[in-house]
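One file, final.cif, is given below (mmCIF, C-alpha atoms and all ligand atoms).
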data_upload
loop_
_atom_site.label_atom_id
_atom_site.label_comp_id
_atom_site.auth_asym_id
_atom_site.auth_seq_id
_atom_site.Cartn_x
_atom_site.Cartn_y
_atom_site.Cartn_z
CA MET A 11 5.48 -18.92 -13.14
CA SER A 12 2.71 -17.74 -10.80
CA GLU A 13 -0.17 -15.55 -11.90
CA LEU A 14 1.50 -12.70 -10.07
CA THR A 15 4.84 -13.00 -11.87
CA ASP A 16 2.92 -13.46 -15.11
CA MET A 17 1.23 -10.14 -14.42
CA TYR A 18 4.62 -8.50 -13.78
CA ALA A 19 5.64 -9.49 -17.30
CA GLN A 20 2.43 -7.93 -18.66
CA ILE A 21 2.99 -4.72 -16.70
CA ARG A 22 6.55 -4.39 -17.99
CA VAL A 23 5.25 -4.17 -21.55
CA CYS A 24 1.90 -2.49 -20.80
CA THR A 25 0.86 0.41 -23.03
CA LYS A 26 -2.61 1.05 -21.60
CA CYS A 27 -1.83 4.66 -20.70
CA ASP A 28 0.52 7.47 -21.72
CA LEU A 29 2.92 6.81 -18.87
CA SER A 30 4.24 3.91 -20.92
CA GLN A 31 5.86 6.42 -23.28
CA SER A 32 8.04 8.15 -20.72
CA ARG A 33 8.99 5.27 -18.43
CA THR A 34 12.34 3.53 -18.42
CA ASN A 35 11.07 0.52 -16.47
CA ALA A 36 7.61 -0.26 -15.18
CA VAL A 37 7.55 -1.04 -11.45
CA PRO A 38 4.99 -3.80 -10.81
CA GLY A 39 5.69 -4.21 -7.08
CA GLU A 40 7.50 -6.77 -4.98
CA GLY A 41 7.23 -8.94 -1.91
CA PRO A 42 5.98 -12.37 -0.85
CA GLU A 43 2.87 -13.62 -2.66
CA HIS A 44 0.99 -14.04 0.61
CA ALA A 45 2.35 -11.11 2.59
CA GLU A 46 0.20 -10.10 5.58
CA ILE A 47 0.92 -6.43 4.99
CA MET A 48 0.66 -4.59 1.68
CA PHE A 49 1.81 -1.01 1.19
CA ILE A 50 0.32 1.04 -1.63
CA GLY A 51 2.19 4.18 -2.65
CA GLU A 52 1.55 6.69 -5.40
CA ALA A 53 3.83 6.08 -8.37
CA PRO A 54 7.45 5.19 -9.11
CA GLY A 55 9.93 8.08 -8.89
CA PHE A 56 13.29 8.58 -10.57
CA HIS A 57 15.20 5.74 -8.88
CA GLU A 58 12.28 3.33 -9.05
CA ASP A 59 11.94 3.97 -12.78
CA ARG A 60 15.65 3.29 -13.25
CA GLN A 61 15.68 0.09 -11.23
CA GLY A 62 12.17 -1.26 -11.85
CA ARG A 63 11.68 -1.68 -8.09
CA PRO A 64 9.35 0.20 -5.70
CA PHE A 65 10.57 2.53 -2.95
CA VAL A 66 14.31 2.34 -3.54
CA GLY A 67 15.05 6.10 -3.16
CA ALA A 68 15.12 8.27 -0.02
CA ALA A 69 11.47 7.57 0.84
CA GLY A 70 12.20 3.86 0.48
CA GLN A 71 15.12 4.10 2.87
CA PHE A 72 12.83 5.73 5.43
CA LEU A 73 10.21 3.03 4.84
CA ASP A 74 12.89 0.41 5.56
CA ASP A 75 13.75 2.22 8.80
CA LEU A 76 10.10 2.30 9.84
CA LEU A 77 9.74 -1.42 9.12
CA ASN A 78 12.88 -2.22 11.11
CA MET A 79 11.53 -0.17 14.00
CA ILE A 80 8.63 -2.63 14.35
CA GLY A 81 10.78 -5.72 13.83
CA MET A 82 9.79 -6.21 10.20
CA ASP A 83 11.63 -5.85 6.96
CA ARG A 84 10.97 -5.50 3.29
CA GLY A 85 11.29 -9.23 2.73
CA ARG A 86 8.06 -9.79 4.68
CA VAL A 87 5.79 -7.14 3.20
CA TYR A 88 4.39 -6.45 -0.24
CA ILE A 89 5.03 -3.01 -1.73
CA THR A 90 3.40 -1.51 -4.81
CA ASN A 91 1.91 1.71 -6.19
CA VAL A 92 -1.37 2.96 -7.61
CA VAL A 93 0.28 3.41 -11.00
CA LYS A 94 3.15 1.23 -12.10
CA CYS A 95 4.98 3.71 -14.35
CA ARG A 96 6.68 6.96 -13.41
CA PRO A 97 4.82 10.17 -14.32
CA PRO A 98 7.07 12.72 -16.06
CA GLN A 99 8.84 15.03 -13.55
CA ASN A 100 7.11 13.08 -10.78
CA ARG A 101 3.82 14.87 -11.39
CA GLU A 102 0.74 13.37 -9.77
CA PRO A 103 -0.87 10.51 -11.67
CA ARG A 104 -4.00 11.61 -13.57
CA PRO A 105 -7.40 9.99 -12.97
CA ASP A 106 -7.33 8.32 -16.42
CA GLU A 107 -3.91 6.81 -15.66
CA ILE A 108 -5.05 5.55 -12.26
CA GLU A 109 -8.12 4.03 -13.92
CA ALA A 110 -6.07 2.37 -16.68
CA CYS A 111 -3.76 0.83 -14.11
CA ARG A 112 -6.47 -0.16 -11.61
CA PRO A 113 -7.00 -3.76 -12.82
CA TYR A 114 -3.38 -4.61 -11.95
CA LEU A 115 -3.75 -3.32 -8.41
CA ASP A 116 -7.15 -5.02 -8.03
CA ARG A 117 -5.68 -8.36 -9.03
CA GLN A 118 -2.62 -7.91 -6.81
CA ILE A 119 -4.92 -7.43 -3.82
CA GLU A 120 -6.99 -10.48 -4.80
CA LEU A 121 -3.95 -12.71 -5.23
CA ILE A 122 -1.98 -11.57 -2.20
CA GLN A 123 -4.99 -11.32 0.14
CA PRO A 124 -3.19 -9.14 2.67
CA LYS A 125 -4.59 -8.82 6.18
CA VAL A 126 -3.65 -5.17 6.36
CA ILE A 127 -3.29 -2.67 3.55
CA ILE A 128 -1.34 0.41 4.54
CA THR A 129 -2.07 3.24 2.14
CA ILE A 130 0.84 5.65 1.90
CA SER A 131 -0.51 7.94 -0.78
CA ARG A 132 -3.57 10.11 -1.24
CA PHE A 133 -4.60 8.13 -4.32
CA ALA A 134 -4.41 4.79 -2.55
CA MET A 135 -6.30 6.18 0.44
CA ALA A 136 -9.08 7.51 -1.81
CA ARG A 137 -9.97 3.98 -2.88
CA TRP A 138 -11.26 3.13 0.61
CA PHE A 139 -11.76 6.57 2.12
CA PRO A 140 -13.13 8.87 -0.58
CA ASN A 141 -13.25 12.53 0.42
CA LYS A 142 -11.40 11.97 3.67
CA LYS A 143 -8.32 13.91 4.74
CA ILE A 144 -5.13 12.17 5.80
CA SER A 145 -4.73 14.63 8.70
CA ASP A 146 -8.04 13.34 10.11
CA ILE A 147 -7.70 9.60 9.56
CA HIS A 148 -3.99 8.69 9.57
CA GLY A 149 -3.17 5.81 11.88
CA LYS A 150 -6.83 4.79 12.26
CA PRO A 151 -7.48 1.29 10.96
CA LYS A 152 -10.83 0.50 9.35
CA ARG A 153 -12.14 -2.99 8.82
CA PHE A 154 -13.62 -4.10 5.48
CA ASP A 155 -14.63 -7.76 6.05
CA ASN A 156 -11.35 -9.68 6.31
CA LEU A 157 -9.22 -6.71 5.39
CA VAL A 158 -8.09 -3.82 7.52
CA VAL A 159 -7.02 -0.64 5.74
CA LEU A 160 -4.73 1.70 7.59
CA PRO A 161 -4.03 5.12 6.07
CA MET A 162 -0.65 6.67 6.75
CA TYR A 163 1.33 9.67 5.61
CA HIS A 164 3.72 9.11 2.72
CA PRO A 165 7.31 8.61 3.97
CA ALA A 166 8.46 11.30 1.50
CA ALA A 167 6.10 13.81 3.16
CA ALA A 168 7.82 13.13 6.48
CA LEU A 169 11.20 13.78 4.87
CA HIS A 170 10.00 17.22 3.77
CA GLN A 171 8.02 18.10 6.89
CA PRO A 172 10.03 16.98 9.93
CA GLY A 173 6.98 17.22 12.21
CA LEU A 174 5.40 14.31 10.36
CA LYS A 175 8.24 11.92 11.12
CA ALA A 176 7.12 11.34 14.71
CA VAL A 177 3.51 10.99 13.54
CA LEU A 178 4.46 8.32 11.02
CA GLU A 179 6.58 6.51 13.59
CA ALA A 180 3.74 6.52 16.11
CA ASP A 181 1.30 5.20 13.47
CA PHE A 182 3.75 2.44 12.47
CA LYS A 183 4.15 1.34 16.08
CA ARG A 184 0.46 0.37 16.13
CA VAL A 185 0.84 -2.17 13.34
CA PRO A 186 1.94 -5.18 15.45
CA GLN A 187 -1.03 -4.67 17.79
CA ILE A 188 -3.43 -4.39 14.85
CA LEU A 189 -2.14 -7.69 13.42
CA LYS A 190 -2.54 -9.30 16.83
CA GLU A 191 -6.12 -8.10 17.19
CA MET A 192 -6.96 -9.26 13.68
CA ALA A 193 -5.73 -12.75 14.49
CA GLN A 194 -8.39 -12.84 17.24
CA LEU A 195 -11.26 -11.68 15.07
CA PRO A 196 -13.70 -14.21 13.65
CA SER A 197 -13.24 -14.20 9.89
CA ALA A 198 -16.12 -13.03 7.71
CA GLU A 199 -16.53 -16.56 6.29
CA ASP A 200 -17.28 -17.88 9.75
CA GLY A 201 -20.43 -15.80 9.66
CA GLU A 202 -22.54 -16.22 12.75
CA ALA A 203 -21.14 -19.63 13.57
CA LYS A 204 -18.70 -18.31 16.16
CA PRO A 205 -19.71 -15.95 18.91
CA LYS A 206 -18.20 -12.56 18.32
CA PRO A 207 -15.84 -11.40 21.04
CA PRO A 208 -17.14 -8.47 23.07
CA THR A 209 -16.45 -5.27 21.22
CA GLU A 210 -14.57 -3.67 24.09
CA GLN A 211 -11.73 -6.12 23.43
CA LEU A 212 -11.41 -4.76 19.91
CA SER A 213 -9.92 -1.43 20.69
CA MET A 214 -8.79 -0.86 17.11
CA PHE A 215 -12.06 -1.38 15.33
N1 LIG B 1 7.06 7.16 -3.90
C1 LIG B 1 6.03 6.34 -4.19
O1 LIG B 1 4.86 6.66 -3.98
N2 LIG B 1 6.30 5.16 -4.71
C2 LIG B 1 7.54 4.71 -4.94
O2 LIG B 1 7.69 3.59 -5.42
C3 LIG B 1 8.60 5.59 -4.63
C4 LIG B 1 8.34 6.79 -4.10
FE1 LIG B 2 0.12 0.29 -18.02
FE2 LIG B 2 -0.19 1.14 -15.52
FE3 LIG B 2 2.05 1.67 -16.82
FE4 LIG B 2 -0.18 2.91 -17.52
S1 LIG B 2 0.90 3.09 -15.55
S2 LIG B 2 1.28 1.96 -18.93
S3 LIG B 2 -1.70 1.29 -17.18
S4 LIG B 2 1.31 -0.35 -16.24
#
Please render this file's structure as structure tokens.
Amino acid sequence: MSELTDMYAQIRVCTKCDLSQSRTNAVPGEGPEHAEIMFIGEAPGFHEDRQGRPFVGAAGQFLDDLLNMIGMDRGRVYITNVVKCRPPQNREPRPDEIEACRPYLDRQIELIQPKVIITISRFAMARWFPNKKISDIHGKPKRFDNLVVLPMYHPAAALHQPGLKAVLEADFKRVPQILKEMAQLPSAEDGEAKPKPPTEQLSMF
């Protein structure tokens, strides 16, 4: 058992916040332990709560389509949420619930060490971009040492507002290029040892 799967077992019996009382199944997250891309959504919904898996409803189907569009699939990315248990009637998670659940997400990020985190919820975005608006910063990657965080609209929002579908598709299409550019960046550990490439090559950052 890895530390990650050990944590899944803890999450499935966690009672650190009130959401534990209304859930059917906790939804820890899923994907390869060293995925390059990690998606962070808001919270499990009805189907996720039933199945114990993230993004398995309509929004999940659209996420699969978006991944396929860029030649990826769910088997190659890690998918989780800011809170691991479904809020009643799909209400927004409360700050105290997000705080109670934060150590799980923190550790997931530490263990998986993704190259790119794609935030697909307001609450995930707020972690790296406090007080920013998704309409201003969607699709714009920002570098934090060895990590790039890329805020995107939630796939469910695009299902409700058809105009957002094309926006989300356009933002997704940038992901392969971002990964390519990251592969060329000197890593933070290399410090000053390697000359930094001229900034004009780094169109994304
Ligand atoms: N919406 C989310 O934010 N997360 C899920 O897992 C499903 C729908
Ligand atoms: Fe525990 Fe997170 Fe579920 Fe709350 S939402 S009970 S903190 S796993």
Taking only C-alpha atoms and all ligand atoms into account, list the residues no farther than 6 Å from ligand LIG 1 (chain B), as an mmCIF file with C-alpha atoms, in the frame of the given file.
data_model
loop_
_atom_site.group_PDB
_atom_site.id
_atom_site.type_symbol
_atom_site.label_atom_id
_atom_site.label_comp_id
_atom_site.auth_asym_id
_atom_site.auth_seq_id
_atom_site.Cartn_x
_atom_site.Cartn_y
_atom_site.Cartn_z
ATOM 1 C CA GLY A 51 2.190 4.180 -2.650
ATOM 2 C CA GLU A 52 1.550 6.690 -5.400
ATOM 3 C CA ALA A 53 3.830 6.080 -8.370
ATOM 4 C CA PRO A 54 7.450 5.190 -9.110
ATOM 5 C CA GLY A 55 9.930 8.080 -8.890
ATOM 6 C CA GLU A 58 12.280 3.330 -9.050
ATOM 7 C CA PRO A 64 9.350 0.200 -5.700
ATOM 8 C CA PHE A 65 10.570 2.530 -2.950
ATOM 9 C CA ALA A 69 11.470 7.570 0.840
ATOM 10 C CA ASN A 91 1.910 1.710 -6.190
#
TODO: Using all atoms listed in the file, find each residue with an atom at most 10 Å away from ligand LIG 2 (chain B) and format the answer as an MDAnalysis selection string.
DONE: chainID A and resid 17:18 20:33 35:38 53:54 91:97 103 106:115
Task: Coordinates-based distance that separates atom CA of A:Glu120 from atom CA of A:His44 (Å, one decimal) - done: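 Separation of atom CA of A:His44 and atom CA of A:Glu120: 10.3 Å.
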May I have a table of the residues of stretch 89-157 of chain A lying at most 9 Å from stretch 189-195 of chain A, giving each one's closest pair of atoms and their distance in Å to one decimal, counting only C-alpha atoms, ordered by chain and ascending residue number, as JSON lines?
{"residue": "A:Lys125", "atom": "CA", "partner": "A:Leu189", "partner_atom": "CA", "distance": 7.7}
{"residue": "A:Val126", "atom": "CA", "partner": "A:Leu189", "partner_atom": "CA", "distance": 7.6}
{"residue": "A:Asn156", "atom": "CA", "partner": "A:Met192", "partner_atom": "CA", "distance": 8.6}
{"residue": "A:Leu157", "atom": "CA", "partner": "A:Met192", "partner_atom": "CA", "distance": 9.0}
- [ ] Quote the spacing between atom CA of A:Asn141 and atom CA of A:Tyr163 in Å to one decimal place.
- [x] 15.7 Å
Open item on the list: Here is a test: counting all atoms listed in the file, which residue of A:Pro124, A:Gly67, A:Gly173, A:Pro98 is nearest to A:Val158?
Closed with: A:Pro124
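Nearest residue to A:Asp59, choosing from A:Ala45, A:Thr34, A:Pro196, A:Phe139 and counting all atoms listed in the file: A:Thr34.
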Task: A:Thr15, A:Thr129, A:Gln123, A:Gln61 ranked by distance to A:Ile147, top pick (using only C-alpha atoms) - done: A:Thr129
Task: Among the residues A:Arg137, A:Arg63, A:Arg117, A:His57, the one that comes closest to A:Gly39 [using all atoms listed in the file] - done: A:Arg63
Task: Pick from A:Phe133, A:Gly70, A:Met82, A:Glu13, whichever lies nearest to A:Arg104 using only C-alpha atoms - done: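 That would be A:Phe133, the residue with the smallest distance to A:Arg104.
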Pull the neighbourhood of (1.2, 2.8, 4.1) for me: all residues within 6 Å in file coordinates, counting only C-alpha atoms, as a short mmCIF file (atom, residue, chain, number, x, y, z; two decimals) with C-alpha atoms, in the frame of the given file.
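And here is the file that came out, result_22.cif:
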data_model
loop_
_atom_site.label_atom_id
_atom_site.label_comp_id
_atom_site.auth_asym_id
_atom_site.auth_seq_id
_atom_site.Cartn_x
_atom_site.Cartn_y
_atom_site.Cartn_z
CA PHE A 49 1.81 -1.01 1.19
CA ILE A 128 -1.34 0.41 4.54
CA THR A 129 -2.07 3.24 2.14
CA ILE A 130 0.84 5.65 1.90
CA MET A 162 -0.65 6.67 6.75
#
TODO: Find the residues around A:Pro165 up to 7 Å (all atoms listed in the file counted), leave out those fewer than 4 positions away in its own chain, and share them as a VMD selection string.
DONE: chain A and resid 69 72 to 73 169
- [ ] Would you please work out which residue, of A:Trp138, A:Lys183, A:Met48, A:Phe56, is nearest to A:Arg101 when using all atoms listed in the file?
- [x]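 Checking each of A:Trp138, A:Lys183, A:Met48, A:Phe56 against A:Arg101, counting all atoms listed in the file, the winner is A:Phe56.
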Open item on the list: Just to confirm, what's the straight-line distance from atom CA of A:Leu174 to atom CA of A:Tyr88 in Å (one decimal)?
Closed with: 23.3 Å
Stretch 111-117 of chain A, all listed atoms, 6 Å padding on each side: what axis-aligned box centre and edge lengths in Å to one decimal come out, as AutoDock Vina command-line options?
--center_x -5.3 --center_y -3.8 --center_z -11.1 --size_x 15.8 --size_y 21.2 --size_z 18.1
